[in-house]
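A short worksheet on the structure shown next.
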Amino acid sequence: MTPNELTRIAKHIIKNNIYLTLGTADKDPWVAPVFYAVDNKYNFYYISQMDSLHTKHILNNPTVAFAIFDSHQKEGAGNGVQGLGEAHLLKNEELSEAFKWYHTTFVDMKPESFTGSAPYRFFKIVPEKFYVLDPDAKVDKRVEVNFNE
């Protein structure tokens, strides 16, 4: 499979799912499923509470890992995206960008829902690397895909 075909697979997986498993670490590692939205540059947006363990980790160490996959795929037939990047708490003036991409009925999508004493805040993951399973490999093998080509 060509690099462009692998990139198309990764983009399809990202665009057709709504949850990613977020991996963080400070002293101990932690994973958490989060509902996400993605922009045209494949940055991810999600909301979380400030007292969650993954948020506490990110505030100390913004390096994250993530995985996106459809858990209903048949055993041995599925593919997913894994990645690395940095997560950042969005500043109040950055919320308008998040509102362009992230839509939910869970929380009112207005600035006051993510500022002051509100329980949720917006975060943005800026990915540095993406990987998918190589469908042509005889054994499970992840290969890096380049979204900039």
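Labels for the structure tokens follow display order: chains A, B, ..., residues from 1 in each chain, ligands from 1.
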
Helix (DSSP H, G or I) positions in chain A, given as JSON, numbers by chain
{"A": [3, 4, 5, 6, 7, 8, 9, 10, 11, 12, 13, 14, 15, 53, 54, 55, 56, 57, 58, 59, 60, 92, 93, 94, 95, 96, 97, 98, 99, 100, 101, 111, 112, 113]}

Would you output that residue set with C-alpha atoms, as an mmCIF file, in the first residue's frame?
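As written to disk, out-v4.cif reads:
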data_model
loop_
_atom_site.group_PDB
_atom_site.id
_atom_site.type_symbol
_atom_site.label_atom_id
_atom_site.label_comp_id
_atom_site.auth_asym_id
_atom_site.auth_seq_id
_atom_site.Cartn_x
_atom_site.Cartn_y
_atom_site.Cartn_z
ATOM 1 C CA PRO A 3 2.009 6.135 1.773
ATOM 2 C CA ASN A 4 -0.894 8.195 0.365
ATOM 3 C CA GLU A 5 -3.282 5.248 0.725
ATOM 4 C CA LEU A 6 -2.162 4.741 4.339
ATOM 5 C CA THR A 7 -2.714 8.443 5.037
ATOM 6 C CA ARG A 8 -6.220 8.207 3.547
ATOM 7 C CA ILE A 9 -6.948 5.255 5.872
ATOM 8 C CA ALA A 10 -5.808 7.268 8.902
ATOM 9 C CA LYS A 11 -7.850 10.327 7.929
ATOM 10 C CA HIS A 12 -10.926 8.169 7.323
ATOM 11 C CA ILE A 13 -10.621 6.584 10.772
ATOM 12 C CA ILE A 14 -10.227 9.995 12.441
ATOM 13 C CA LYS A 15 -13.170 11.543 10.573
ATOM 14 C CA LEU A 53 -6.234 12.891 36.465
ATOM 15 C CA HIS A 54 -5.416 13.289 32.763
ATOM 16 C CA THR A 55 -5.842 17.067 33.065
ATOM 17 C CA LYS A 56 -3.518 17.173 36.055
ATOM 18 C CA HIS A 57 -0.973 15.158 34.074
ATOM 19 C CA ILE A 58 -1.229 17.462 31.045
ATOM 20 C CA LEU A 59 -0.705 20.572 33.153
ATOM 21 C CA ASN A 60 2.598 19.029 34.345
ATOM 22 C CA ASN A 92 -10.326 32.131 26.795
ATOM 23 C CA GLU A 93 -9.409 33.911 23.557
ATOM 24 C CA GLU A 94 -8.878 30.519 21.846
ATOM 25 C CA LEU A 95 -12.372 29.196 22.602
ATOM 26 C CA SER A 96 -13.914 30.578 19.406
ATOM 27 C CA GLU A 97 -11.640 28.303 17.363
ATOM 28 C CA ALA A 98 -12.743 25.257 19.390
ATOM 29 C CA PHE A 99 -16.415 26.199 18.911
ATOM 30 C CA LYS A 100 -15.951 25.998 15.123
ATOM 31 C CA TRP A 101 -15.216 22.265 15.368
ATOM 32 C CA PRO A 111 -17.756 30.792 26.519
ATOM 33 C CA GLU A 112 -19.234 30.929 30.021
ATOM 34 C CA SER A 113 -19.558 27.112 29.966
#

Residue list (strand (DSSP E or B), DSSP) for segment 53-146 of chain A, as JSON, numbers by chain:
{"A": [63, 64, 65, 66, 67, 68, 69, 80, 81, 82, 83, 84, 85, 86, 87, 88, 89, 120, 121, 122, 123, 124, 125, 126, 127, 128, 129, 130, 131, 132, 133, 142, 143, 144, 145]}

Could those residues be written to a file, using N, CA and C atoms, as an mmCIF file, in the first residue's frame?
data_model
loop_
_atom_site.group_PDB
_atom_site.id
_atom_site.type_symbol
_atom_site.label_atom_id
_atom_site.label_comp_id
_atom_site.auth_asym_id
_atom_site.auth_seq_id
_atom_site.Cartn_x
_atom_site.Cartn_y
_atom_site.Cartn_z
ATOM 1 N N THR A 63 2.958 16.193 26.927
ATOM 2 C CA THR A 63 3.142 15.116 25.950
ATOM 3 C C THR A 63 2.082 14.039 26.165
ATOM 4 N N VAL A 64 1.367 13.699 25.097
ATOM 5 C CA VAL A 64 0.306 12.699 25.171
ATOM 6 C C VAL A 64 0.447 11.681 24.046
ATOM 7 N N ALA A 65 -0.182 10.544 24.263
ATOM 8 C CA ALA A 65 -0.377 9.542 23.219
ATOM 9 C C ALA A 65 -1.882 9.370 23.070
ATOM 10 N N PHE A 66 -2.313 8.888 21.900
ATOM 11 C CA PHE A 66 -3.742 8.660 21.705
ATOM 12 C C PHE A 66 -3.955 7.521 20.722
ATOM 13 N N ALA A 67 -5.137 6.924 20.823
ATOM 14 C CA ALA A 67 -5.550 5.869 19.900
ATOM 15 C C ALA A 67 -7.003 6.111 19.536
ATOM 16 N N ILE A 68 -7.314 5.904 18.255
ATOM 17 C CA ILE A 68 -8.675 6.059 17.747
ATOM 18 C C ILE A 68 -8.997 4.799 16.949
ATOM 19 N N PHE A 69 -10.117 4.173 17.272
ATOM 20 C CA PHE A 69 -10.504 2.956 16.566
ATOM 21 C C PHE A 69 -11.983 2.693 16.772
ATOM 22 N N GLY A 80 -6.762 1.084 13.189
ATOM 23 C CA GLY A 80 -6.947 2.248 14.035
ATOM 24 C C GLY A 80 -5.794 3.208 13.828
ATOM 25 N N VAL A 81 -5.876 4.318 14.501
ATOM 26 C CA VAL A 81 -4.822 5.332 14.439
ATOM 27 C C VAL A 81 -4.223 5.465 15.835
ATOM 28 N N GLN A 82 -2.918 5.495 15.884
ATOM 29 C CA GLN A 82 -2.219 5.817 17.112
ATOM 30 C C GLN A 82 -1.417 7.074 16.838
ATOM 31 N N GLY A 83 -1.168 7.853 17.877
ATOM 32 C CA GLY A 83 -0.424 9.083 17.658
ATOM 33 C C GLY A 83 0.217 9.615 18.916
ATOM 34 N N LEU A 84 1.072 10.589 18.678
ATOM 35 C CA LEU A 84 1.774 11.311 19.728
ATOM 36 C C LEU A 84 1.597 12.798 19.473
ATOM 37 N N GLY A 85 1.602 13.567 20.531
ATOM 38 C CA GLY A 85 1.492 15.009 20.367
ATOM 39 C C GLY A 85 1.549 15.713 21.704
ATOM 40 N N GLU A 86 1.094 16.959 21.690
ATOM 41 C CA GLU A 86 1.033 17.745 22.915
ATOM 42 C C GLU A 86 -0.382 18.275 23.094
ATOM 43 N N ALA A 87 -0.845 18.225 24.345
ATOM 44 C CA ALA A 87 -2.171 18.744 24.684
ATOM 45 C C ALA A 87 -2.014 20.025 25.487
ATOM 46 N N HIS A 88 -2.889 20.972 25.212
ATOM 47 C CA HIS A 88 -2.819 22.264 25.886
ATOM 48 C C HIS A 88 -4.212 22.719 26.286
ATOM 49 N N LEU A 89 -4.302 23.299 27.455
ATOM 50 C CA LEU A 89 -5.518 23.961 27.914
ATOM 51 C C LEU A 89 -5.694 25.220 27.081
ATOM 52 N N TYR A 120 -16.039 22.583 33.219
ATOM 53 C CA TYR A 120 -15.293 22.075 32.063
ATOM 54 C C TYR A 120 -14.378 23.120 31.452
ATOM 55 N N ARG A 121 -13.319 22.610 30.815
ATOM 56 C CA ARG A 121 -12.392 23.448 30.052
ATOM 57 C C ARG A 121 -12.122 22.751 28.723
ATOM 58 N N PHE A 122 -11.748 23.561 27.727
ATOM 59 C CA PHE A 122 -11.385 23.029 26.416
ATOM 60 C C PHE A 122 -9.891 22.759 26.341
ATOM 61 N N PHE A 123 -9.559 21.662 25.678
ATOM 62 C CA PHE A 123 -8.170 21.294 25.422
ATOM 63 C C PHE A 123 -7.993 21.037 23.938
ATOM 64 N N LYS A 124 -6.766 21.219 23.487
ATOM 65 C CA LYS A 124 -6.410 20.971 22.091
ATOM 66 C C LYS A 124 -5.182 20.079 22.065
ATOM 67 N N ILE A 125 -5.274 19.014 21.277
ATOM 68 C CA ILE A 125 -4.117 18.143 21.049
ATOM 69 C C ILE A 125 -3.542 18.498 19.681
ATOM 70 N N VAL A 126 -2.281 18.863 19.661
ATOM 71 C CA VAL A 126 -1.567 19.119 18.406
ATOM 72 C C VAL A 126 -0.695 17.890 18.147
ATOM 73 N N PRO A 127 -1.114 17.041 17.205
ATOM 74 C CA PRO A 127 -0.366 15.810 16.958
ATOM 75 C C PRO A 127 0.975 16.069 16.285
ATOM 76 N N GLU A 128 1.935 15.248 16.630
ATOM 77 C CA GLU A 128 3.244 15.292 15.990
ATOM 78 C C GLU A 128 3.461 14.085 15.083
ATOM 79 N N LYS A 129 2.843 12.955 15.426
ATOM 80 C CA LYS A 129 3.000 11.733 14.632
ATOM 81 C C LYS A 129 1.706 10.940 14.642
ATOM 82 N N PHE A 130 1.441 10.283 13.499
ATOM 83 C CA PHE A 130 0.306 9.378 13.344
ATOM 84 C C PHE A 130 0.827 8.034 12.840
ATOM 85 N N TYR A 131 0.179 6.965 13.300
ATOM 86 C CA TYR A 131 0.530 5.617 12.870
ATOM 87 C C TYR A 131 -0.744 4.826 12.573
ATOM 88 N N VAL A 132 -0.666 3.930 11.591
ATOM 89 C CA VAL A 132 -1.747 2.983 11.318
ATOM 90 C C VAL A 132 -1.137 1.602 11.125
ATOM 91 N N LEU A 133 -2.007 0.608 11.179
ATOM 92 C CA LEU A 133 -1.598 -0.763 10.910
ATOM 93 C C LEU A 133 -1.385 -0.904 9.408
ATOM 94 N N ARG A 142 2.829 -1.423 12.781
ATOM 95 C CA ARG A 142 2.413 -0.037 12.679
ATOM 96 C C ARG A 142 3.415 0.724 11.817
ATOM 97 N N VAL A 143 2.878 1.605 10.978
ATOM 98 C CA VAL A 143 3.743 2.443 10.135
ATOM 99 C C VAL A 143 3.311 3.899 10.309
ATOM 100 N N GLU A 144 4.278 4.779 10.285
ATOM 101 C CA GLU A 144 3.984 6.201 10.410
ATOM 102 C C GLU A 144 3.399 6.713 9.110
ATOM 103 N N VAL A 145 2.394 7.570 9.239
ATOM 104 C CA VAL A 145 1.810 8.228 8.072
ATOM 105 C C VAL A 145 2.028 9.726 8.203
#

Measuring atom to atom with only C-alpha atoms, identify which of A:Glu75, A:Tyr19, A:Asn43, A:Phe35 is nearest to Thr105 of chain A.
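Checking each of A:Glu75, A:Tyr19, A:Asn43, A:Phe35 against Thr105 of chain A, counting only C-alpha atoms, the winner is A:Phe35.
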
What is the distance between atom CA of Thr2 of chain A and atom CA of Asp136 of chain A, in Å to one decimal?
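Rounded to one decimal, the two atoms are 10.0 Å apart.
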
Top pick for closest residue to Tyr46 of chain A, considering A:Leu90, A:Asp26, A:Gln73, A:Pro62 and counting only C-alpha atoms:
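Once distances to Tyr46 of chain A are computed over only C-alpha atoms, the minimum belongs to A:Leu90.
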
Between atom CA of Lys110 of chain A and atom CA of Ser48 of chain A, distance in Å (one decimal):
15.2 Å

Pick the closest to Met50 of chain A from A:Ala118, A:Ala37, A:Ala32, A:Met1: which is it, counting only C-alpha atoms?
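Using only C-alpha atoms, Met50 of chain A sits closest to A:Ala118.
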
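Residue nearest Asn16 of chain A within the list A:Ile47, A:Asn61, A:Asp70, A:Lys138: A:Asp70 [criterion: smallest interatomic distance, only C-alpha atoms].
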
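In this model, the gap between atom CA of Ile18 of chain A and atom CA of His103 of chain A comes to 11.0 Å.
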
When distances are computed from only C-alpha atoms, which of A:Ser71, A:Asp140, A:Lys91, A:Pro33 shows the smallest separation from Thr115 of chain A?
A:Lys91
